[in-house]
>>> print(open('final_28.cif').read())   # mmCIF, C-alpha atoms and all ligand atoms
data_structure
loop_
_atom_site.group_PDB
_atom_site.id
_atom_site.type_symbol
_atom_site.label_atom_id
_atom_site.label_comp_id
_atom_site.auth_asym_id
_atom_site.auth_seq_id
_atom_site.Cartn_x
_atom_site.Cartn_y
_atom_site.Cartn_z
ATOM 1 C CA MET A 1 -42.561 76.729 -182.578
ATOM 2 C CA ASN A 2 -40.258 73.907 -183.616
ATOM 3 C CA PRO A 3 -36.507 74.365 -183.166
ATOM 4 C CA THR A 4 -35.896 75.082 -186.858
ATOM 5 C CA THR A 5 -38.546 77.805 -186.930
ATOM 6 C CA GLU A 6 -36.964 79.300 -183.838
ATOM 7 C CA LEU A 7 -33.515 79.203 -185.478
ATOM 8 C CA LEU A 8 -34.747 80.827 -188.691
ATOM 9 C CA ALA A 9 -36.382 83.593 -186.662
ATOM 10 C CA ARG A 10 -33.042 84.172 -184.942
ATOM 11 C CA ASN A 11 -31.330 84.227 -188.342
ATOM 12 C CA GLU A 12 -33.760 86.888 -189.500
ATOM 13 C CA ARG A 13 -32.745 89.041 -186.531
ATOM 14 C CA PHE A 14 -29.092 88.379 -187.417
ATOM 15 C CA VAL A 15 -29.667 89.618 -190.991
ATOM 16 C CA GLN A 16 -31.604 92.655 -189.746
ATOM 17 C CA GLU A 17 -28.763 93.619 -187.415
ATOM 18 C CA GLY A 18 -26.579 94.116 -190.478
ATOM 19 C CA HIS A 19 -24.279 91.617 -192.081
ATOM 20 C CA SER A 20 -21.327 92.186 -194.369
ATOM 21 C CA GLU A 21 -19.387 89.693 -196.435
ATOM 22 C CA LEU A 22 -16.222 88.253 -194.932
ATOM 23 C CA SER A 23 -13.104 86.529 -196.237
ATOM 24 C CA PHE A 24 -13.153 82.764 -196.107
ATOM 25 C CA LEU A 25 -9.686 82.928 -194.510
ATOM 26 C CA PRO A 26 -9.882 83.173 -190.728
ATOM 27 C CA ARG A 27 -9.011 86.658 -189.479
ATOM 28 C CA LEU A 28 -7.135 85.273 -186.471
ATOM 29 C CA ARG A 29 -5.372 82.696 -188.680
ATOM 30 C CA THR A 30 -6.695 80.125 -186.315
ATOM 31 C CA CYS A 31 -8.393 76.784 -186.513
ATOM 32 C CA ILE A 32 -10.079 75.479 -183.376
ATOM 33 C CA VAL A 33 -10.780 71.800 -182.773
ATOM 34 C CA THR A 34 -13.274 71.108 -180.032
ATOM 35 C CA CYS A 35 -16.200 68.977 -178.891
ATOM 36 C CA PRO A 36 -19.806 69.403 -180.157
ATOM 37 C CA ASP A 37 -20.968 69.620 -176.526
ATOM 38 C CA PRO A 38 -23.467 72.536 -176.372
ATOM 39 C CA ARG A 39 -21.628 73.997 -173.369
ATOM 40 C CA VAL A 40 -18.387 74.263 -175.328
ATOM 41 C CA ASP A 41 -19.104 76.695 -178.151
ATOM 42 C CA PRO A 42 -15.889 78.610 -178.930
ATOM 43 C CA ALA A 43 -17.941 81.613 -180.066
ATOM 44 C CA GLN A 44 -18.959 82.203 -176.456
ATOM 45 C CA VAL A 45 -16.145 80.512 -174.560
ATOM 46 C CA LEU A 46 -13.298 82.111 -176.531
ATOM 47 C CA GLY A 47 -15.116 85.144 -177.883
ATOM 48 C CA ILE A 48 -14.760 84.016 -181.493
ATOM 49 C CA GLU A 49 -16.467 86.475 -183.838
ATOM 50 C CA LEU A 50 -17.808 85.585 -187.238
ATOM 51 C CA GLY A 51 -14.873 85.192 -189.636
ATOM 52 C CA ASP A 52 -12.255 84.862 -186.864
ATOM 53 C CA ALA A 53 -11.514 81.148 -186.961
ATOM 54 C CA ALA A 54 -12.276 77.877 -188.681
ATOM 55 C CA VAL A 55 -13.892 75.481 -186.222
ATOM 56 C CA VAL A 56 -13.877 71.693 -186.384
ATOM 57 C CA ARG A 57 -16.100 69.937 -183.881
ATOM 58 C CA ALA A 58 -15.985 66.218 -183.251
ATOM 59 C CA ALA A 59 -16.515 64.085 -180.165
ATOM 60 C CA GLY A 60 -14.235 64.976 -177.296
ATOM 61 C CA GLY A 61 -12.374 67.518 -179.418
ATOM 62 C CA ARG A 62 -9.941 64.661 -179.908
ATOM 63 C CA VAL A 63 -7.563 64.334 -182.842
ATOM 64 C CA SER A 64 -9.468 61.451 -184.436
ATOM 65 C CA PRO A 65 -9.375 60.357 -188.094
ATOM 66 C CA ILE A 66 -12.463 62.538 -188.714
ATOM 67 C CA VAL A 67 -10.668 65.590 -187.365
ATOM 68 C CA LEU A 68 -7.505 64.795 -189.335
ATOM 69 C CA GLN A 69 -9.573 64.592 -192.522
ATOM 70 C CA GLN A 70 -11.078 67.985 -191.755
ATOM 71 C CA LEU A 71 -7.678 69.535 -191.033
ATOM 72 C CA LEU A 72 -6.291 68.169 -194.286
ATOM 73 C CA PHE A 73 -9.307 69.534 -196.141
ATOM 74 C CA LEU A 74 -8.827 72.983 -194.590
ATOM 75 C CA GLN A 75 -5.139 72.846 -195.451
ATOM 76 C CA LEU A 76 -6.030 72.024 -199.072
ATOM 77 C CA ALA A 77 -8.652 74.757 -199.222
ATOM 78 C CA GLY A 78 -6.143 77.253 -197.791
ATOM 79 C CA ALA A 79 -3.497 76.161 -200.280
ATOM 80 C CA ALA A 80 -5.993 76.446 -203.133
ATOM 81 C CA ALA A 81 -6.603 80.043 -202.043
ATOM 82 C CA GLY A 82 -2.841 80.695 -202.022
ATOM 83 C CA GLN A 83 -2.642 80.804 -198.229
ATOM 84 C CA SER A 84 -0.862 77.571 -197.459
ATOM 85 C CA ASP A 85 1.723 78.918 -195.047
ATOM 86 C CA VAL A 86 0.584 81.964 -193.145
ATOM 87 C CA GLY A 87 1.646 81.029 -189.622
ATOM 88 C CA LEU A 88 -1.540 79.213 -188.734
ATOM 89 C CA GLU A 89 -2.403 78.470 -185.134
ATOM 90 C CA LEU A 90 -4.253 75.283 -184.357
ATOM 91 C CA VAL A 91 -6.072 75.328 -181.021
ATOM 92 C CA LEU A 92 -7.201 72.041 -179.523
ATOM 93 C CA MET A 93 -9.776 72.452 -176.788
ATOM 94 C CA GLN A 94 -10.932 69.512 -174.703
ATOM 95 C CA HIS A 95 -13.170 69.952 -171.690
ATOM 96 C CA THR A 96 -14.128 68.597 -168.306
ATOM 97 C CA ASP A 97 -17.229 66.395 -167.902
ATOM 98 C CA CYS A 98 -17.065 65.324 -171.552
ATOM 99 C CA GLY A 99 -19.547 62.727 -172.788
ATOM 100 C CA ILE A 100 -16.677 60.740 -174.289
ATOM 101 C CA THR A 101 -15.662 59.742 -170.752
ATOM 102 C CA HIS A 102 -18.948 57.824 -170.456
ATOM 103 C CA LEU A 103 -17.879 55.488 -173.263
ATOM 104 C CA GLN A 104 -15.111 53.754 -171.414
ATOM 105 C CA GLY A 105 -17.087 50.712 -170.331
ATOM 106 C CA PRO A 106 -16.242 47.406 -172.015
ATOM 107 C CA GLU A 107 -19.433 47.563 -174.132
ATOM 108 C CA HIS A 108 -18.261 50.770 -175.870
ATOM 109 C CA ARG A 109 -14.522 50.119 -176.107
ATOM 110 C CA GLU A 110 -14.518 48.905 -179.708
ATOM 111 C CA ALA A 111 -16.621 51.815 -180.953
ATOM 112 C CA LEU A 112 -14.556 54.358 -179.054
ATOM 113 C CA ALA A 113 -11.298 52.864 -180.331
ATOM 114 C CA ALA A 114 -12.617 52.914 -183.905
ATOM 115 C CA PHE A 115 -13.638 56.553 -183.542
ATOM 116 C CA LEU A 116 -10.198 57.478 -182.233
ATOM 117 C CA GLY A 117 -8.473 55.420 -184.913
ATOM 118 C CA VAL A 118 -6.642 53.059 -182.567
ATOM 119 C CA ALA A 119 -6.878 49.385 -181.639
ATOM 120 C CA ALA A 120 -8.998 48.650 -178.540
ATOM 121 C CA GLU A 121 -5.888 47.573 -176.630
ATOM 122 C CA GLU A 122 -4.298 50.982 -177.322
ATOM 123 C CA LEU A 123 -7.247 52.900 -175.918
ATOM 124 C CA ASP A 124 -5.647 53.487 -172.523
ATOM 125 C CA GLN A 125 -2.837 55.470 -174.201
ATOM 126 C CA LYS A 126 -5.439 57.969 -175.437
ATOM 127 C CA ALA A 127 -6.189 59.229 -171.911
ATOM 128 C CA VAL A 128 -9.901 59.530 -172.648
ATOM 129 C CA ALA A 129 -10.788 60.228 -169.005
ATOM 130 C CA ASP A 130 -8.239 63.005 -168.496
ATOM 131 C CA PRO A 131 -8.474 66.067 -170.765
ATOM 132 C CA HIS A 132 -5.092 67.460 -169.638
ATOM 133 C CA ALA A 133 -3.336 64.218 -170.560
ATOM 134 C CA GLY A 134 -5.532 63.919 -173.663
ATOM 135 C CA ILE A 135 -4.281 67.293 -174.931
ATOM 136 C CA ARG A 136 -0.664 66.181 -174.613
ATOM 137 C CA VAL A 137 -1.402 62.867 -176.325
ATOM 138 C CA ASP A 138 -3.086 64.687 -179.214
ATOM 139 C CA ILE A 139 -0.331 67.285 -179.673
ATOM 140 C CA ASP A 140 2.172 64.407 -179.794
ATOM 141 C CA ALA A 141 -0.031 62.632 -182.354
ATOM 142 C CA LEU A 142 -0.107 65.737 -184.569
ATOM 143 C CA ALA A 143 3.650 66.198 -184.257
ATOM 144 C CA ALA A 144 4.160 62.575 -185.332
ATOM 145 C CA ASN A 145 1.840 62.900 -188.335
ATOM 146 C CA PRO A 146 3.811 63.684 -191.515
ATOM 147 C CA PHE A 147 0.700 65.102 -193.213
ATOM 148 C CA ILE A 148 0.424 67.901 -190.652
ATOM 149 C CA PRO A 149 2.795 70.775 -191.470
ATOM 150 C CA GLY A 150 5.527 71.168 -188.843
ATOM 151 C CA SER A 151 5.364 74.959 -189.233
ATOM 152 C CA LEU A 152 1.976 75.081 -187.475
ATOM 153 C CA SER A 153 1.724 76.427 -183.973
ATOM 154 C CA VAL A 154 -0.425 74.158 -181.837
ATOM 155 C CA SER A 155 -1.986 75.085 -178.512
ATOM 156 C CA GLY A 156 -3.921 72.756 -176.262
ATOM 157 C CA LEU A 157 -6.546 74.063 -173.847
ATOM 158 C CA VAL A 158 -8.762 72.435 -171.282
ATOM 159 C CA TYR A 159 -12.091 74.174 -170.763
ATOM 160 C CA ASP A 160 -13.693 73.750 -167.357
ATOM 161 C CA VAL A 161 -17.466 73.617 -167.913
ATOM 162 C CA ALA A 162 -18.068 74.401 -164.222
ATOM 163 C CA SER A 163 -15.958 77.565 -163.908
ATOM 164 C CA GLY A 164 -16.041 78.691 -167.550
ATOM 165 C CA ARG A 165 -12.246 79.019 -167.562
ATOM 166 C CA ALA A 166 -10.050 77.741 -170.397
ATOM 167 C CA GLU A 167 -6.535 76.829 -169.314
ATOM 168 C CA LEU A 168 -3.485 76.503 -171.556
ATOM 169 C CA VAL A 169 -1.943 73.057 -171.104
ATOM 170 C CA GLU A 170 0.751 73.301 -173.758
ATOM 171 C CA ARG A 171 1.732 75.394 -176.774
ATOM 172 C CA ARG A 172 4.191 74.121 -179.358
ATOM 173 C CA SER A 173 5.413 76.666 -181.877
ATOM 174 C CA PRO A 174 6.427 75.387 -184.295
ATOM 175 C CA LEU A 175 4.791 72.017 -183.896
ATOM 176 C CA ARG A 176 7.932 70.296 -185.150
ATOM 177 C CA GLU A 177 11.473 71.473 -185.538
ATOM 178 C CA GLU A 178 12.152 70.654 -189.157
ATOM 179 C CA ARG A 179 15.144 68.412 -189.469
ATOM 180 C CA THR A 180 18.054 70.319 -190.948
ATOM 181 C CA GLU A 181 18.283 68.879 -194.428
ATOM 182 C CA SER A 182 21.766 67.997 -195.458
ATOM 183 C CA ALA A 183 22.658 69.842 -198.637
ATOM 184 C CA PRO A 184 21.772 67.849 -201.739
ATOM 185 C CA ILE A 185 24.719 66.277 -203.446
ATOM 186 C CA GLY A 186 26.255 68.601 -206.021
ATOM 187 C CA SER A 187 24.711 71.732 -204.573
ATOM 188 C CA ALA A 188 27.844 72.952 -202.843
ATOM 189 C CA THR A 189 28.669 76.508 -203.776
ATOM 190 C CA THR A 190 32.111 77.948 -203.872
HETATM 191 ZN ZN ZN B 1 -17.261 66.746 -174.966
#
>>> encode(input="final_28.cif", output="structure tokens")
Amino acid sequence: MNPTTELLARNERFVQEGHSELSFLPRLRTCIVTCPDPRVDPAQVLGIELGDAAVVRAAGGRVSPIVLQQLLFLQLAGAAAGQSDVGLELVLMQHTDCGITHLQGPEHREALAAFLGVAAEELDQKAVADPHAGIRVDIDALAANPFIPGSLSVSGLVYDVASGRAELVERRSPLREERTESAPIGSATT
């Protein structure tokens, strides 16, 4: 049996077990960003049920240009469905023993920097070898990005592939304190 045949057989069991239609909006109002590593599936690790959360998976679970594009797409899709501002939680989950840490040698630096959207000489600031530091770097990057709504709550987790435990490194809610706008000229009320 090839892998696809195996997967379709599993899908048949899934259908037989009973399936009902779900909303395209995540029940937990959550979007999870994590690594494609097969040990790091949020369905198992975080008990995500079908329909609970949108999941974006890209190398390292890092906030790379690919991930930003996906987040902007999800934001657009949510806005198109009239759900642009519903107190969304963004959960970043990086993990120990990540394959991205194997790309730090000089022969991979350019490719890794391009993936992360930085210049090769800025790579050290991305803390690729340290998921705890990487989470903080990525939350800061989101907070500094004007295209990411400041009203989001953002949590950063590190998942330990050896123990199975996910640990909260930081939660920022809201992501950004909106600057108090000074009243527009001529708007003063009496
Ligand atoms: Zn990984």
>>> closest_residue(input="final_28.cif", among="A:Asp160, A:Asp138, A:Asp52, A:Asp124", to="ligand ZN 1 (chain B)", atoms="all atoms listed in the file")
A:Asp160
>>> atom_distance(input="final_28.cif", atom1="atom CA of Gln75 of chain A", atom2="atom CA of Leu175 of chain A")
15.3 Å
>>> resolve_selection(input="final_28.cif", expression="the PyMOL selection byres (((not hetatm)) within 6 of (chain B and resi 1))", output="number ranges by chain")
A: 35, 37, 59-60, 98-99
>>> residues_around(input="final_28.cif", residues="segment 61-67 of chain A", least_positions_apart="3", cutoff="9 Å", atoms="all atoms listed in the file", output="PyMOL selection string")
chain A and resi 33-36+56-58+70-72+92-95+115-117+128+134-135+138-139+141-142
>>> atom_distance(input="final_28.cif", atom1="atom CA of Gly87 of chain A", atom2="atom CA of Ser153 of chain A")
7.3 Å
>>> closest_residue(input="final_28.cif", among="A:Ala143, A:Val15, A:Leu46, A:Ala53", to="Arg27 of chain A", atoms="only C-alpha atoms")
A:Ala53
>>> build_atoms(input="final_28.cif", residues="segment 94-120 of chain A", atoms="N, CA and C atoms", output="short mmCIF file (atom, residue, chain, number, x, y, z; two decimals), in the frame of the given file")
data_model
loop_
_atom_site.label_atom_id
_atom_site.label_comp_id
_atom_site.auth_asym_id
_atom_site.auth_seq_id
_atom_site.Cartn_x
_atom_site.Cartn_y
_atom_site.Cartn_z
N GLN A 94 -10.14 70.57 -175.33
CA GLN A 94 -10.93 69.51 -174.70
C GLN A 94 -11.56 70.10 -173.45
N HIS A 95 -12.47 69.36 -172.83
CA HIS A 95 -13.17 69.95 -171.69
C HIS A 95 -13.47 68.93 -170.61
N THR A 96 -13.76 69.45 -169.43
CA THR A 96 -14.13 68.60 -168.31
C THR A 96 -15.55 68.06 -168.52
N ASP A 97 -15.89 66.99 -167.87
CA ASP A 97 -17.23 66.40 -167.90
C ASP A 97 -17.68 66.07 -169.33
N CYS A 98 -16.74 65.61 -170.15
CA CYS A 98 -17.07 65.32 -171.55
C CYS A 98 -17.80 63.99 -171.67
N GLY A 99 -18.77 63.95 -172.56
CA GLY A 99 -19.55 62.73 -172.79
C GLY A 99 -18.69 61.54 -173.21
N ILE A 100 -17.54 61.83 -173.82
CA ILE A 100 -16.68 60.74 -174.29
C ILE A 100 -16.19 59.88 -173.11
N THR A 101 -16.14 60.50 -171.91
CA THR A 101 -15.66 59.74 -170.75
C THR A 101 -16.68 58.68 -170.33
N HIS A 102 -17.93 58.81 -170.80
CA HIS A 102 -18.95 57.82 -170.46
C HIS A 102 -18.87 56.58 -171.34
N LEU A 103 -17.96 56.60 -172.31
CA LEU A 103 -17.88 55.49 -173.26
C LEU A 103 -16.73 54.55 -172.96
N GLN A 104 -16.29 54.56 -171.71
CA GLN A 104 -15.11 53.75 -171.41
C GLN A 104 -15.43 52.34 -170.98
N GLY A 105 -16.71 52.05 -170.74
CA GLY A 105 -17.09 50.71 -170.33
C GLY A 105 -16.76 49.71 -171.41
N PRO A 106 -16.63 48.43 -171.04
CA PRO A 106 -16.24 47.41 -172.02
C PRO A 106 -17.18 47.34 -173.22
N GLU A 107 -18.48 47.68 -173.02
CA GLU A 107 -19.43 47.56 -174.13
C GLU A 107 -19.20 48.62 -175.22
N HIS A 108 -18.48 49.70 -174.88
CA HIS A 108 -18.26 50.77 -175.87
C HIS A 108 -16.82 50.82 -176.38
N ARG A 109 -15.95 49.98 -175.81
CA ARG A 109 -14.52 50.12 -176.11
C ARG A 109 -14.20 50.04 -177.59
N GLU A 110 -14.82 49.08 -178.27
CA GLU A 110 -14.52 48.90 -179.71
C GLU A 110 -14.92 50.15 -180.50
N ALA A 111 -16.12 50.65 -180.21
CA ALA A 111 -16.62 51.82 -180.95
C ALA A 111 -15.75 53.04 -180.68
N LEU A 112 -15.38 53.21 -179.42
CA LEU A 112 -14.56 54.36 -179.05
C LEU A 112 -13.18 54.26 -179.71
N ALA A 113 -12.61 53.06 -179.70
CA ALA A 113 -11.30 52.86 -180.33
C ALA A 113 -11.38 53.15 -181.83
N ALA A 114 -12.46 52.69 -182.46
CA ALA A 114 -12.62 52.91 -183.90
C ALA A 114 -12.73 54.41 -184.19
N PHE A 115 -13.50 55.11 -183.36
CA PHE A 115 -13.64 56.55 -183.54
C PHE A 115 -12.29 57.26 -183.44
N LEU A 116 -11.49 56.82 -182.45
CA LEU A 116 -10.20 57.48 -182.23
C LEU A 116 -9.11 56.96 -183.17
N GLY A 117 -9.44 55.93 -183.93
CA GLY A 117 -8.47 55.42 -184.91
C GLY A 117 -7.36 54.61 -184.30
N VAL A 118 -7.65 53.92 -183.19
CA VAL A 118 -6.64 53.06 -182.57
C VAL A 118 -7.25 51.67 -182.33
N ALA A 119 -6.39 50.70 -182.02
CA ALA A 119 -6.88 49.38 -181.64
C ALA A 119 -7.41 49.46 -180.21
N ALA A 120 -8.39 48.60 -179.87
CA ALA A 120 -9.00 48.65 -178.54
C ALA A 120 -7.95 48.54 -177.43
#
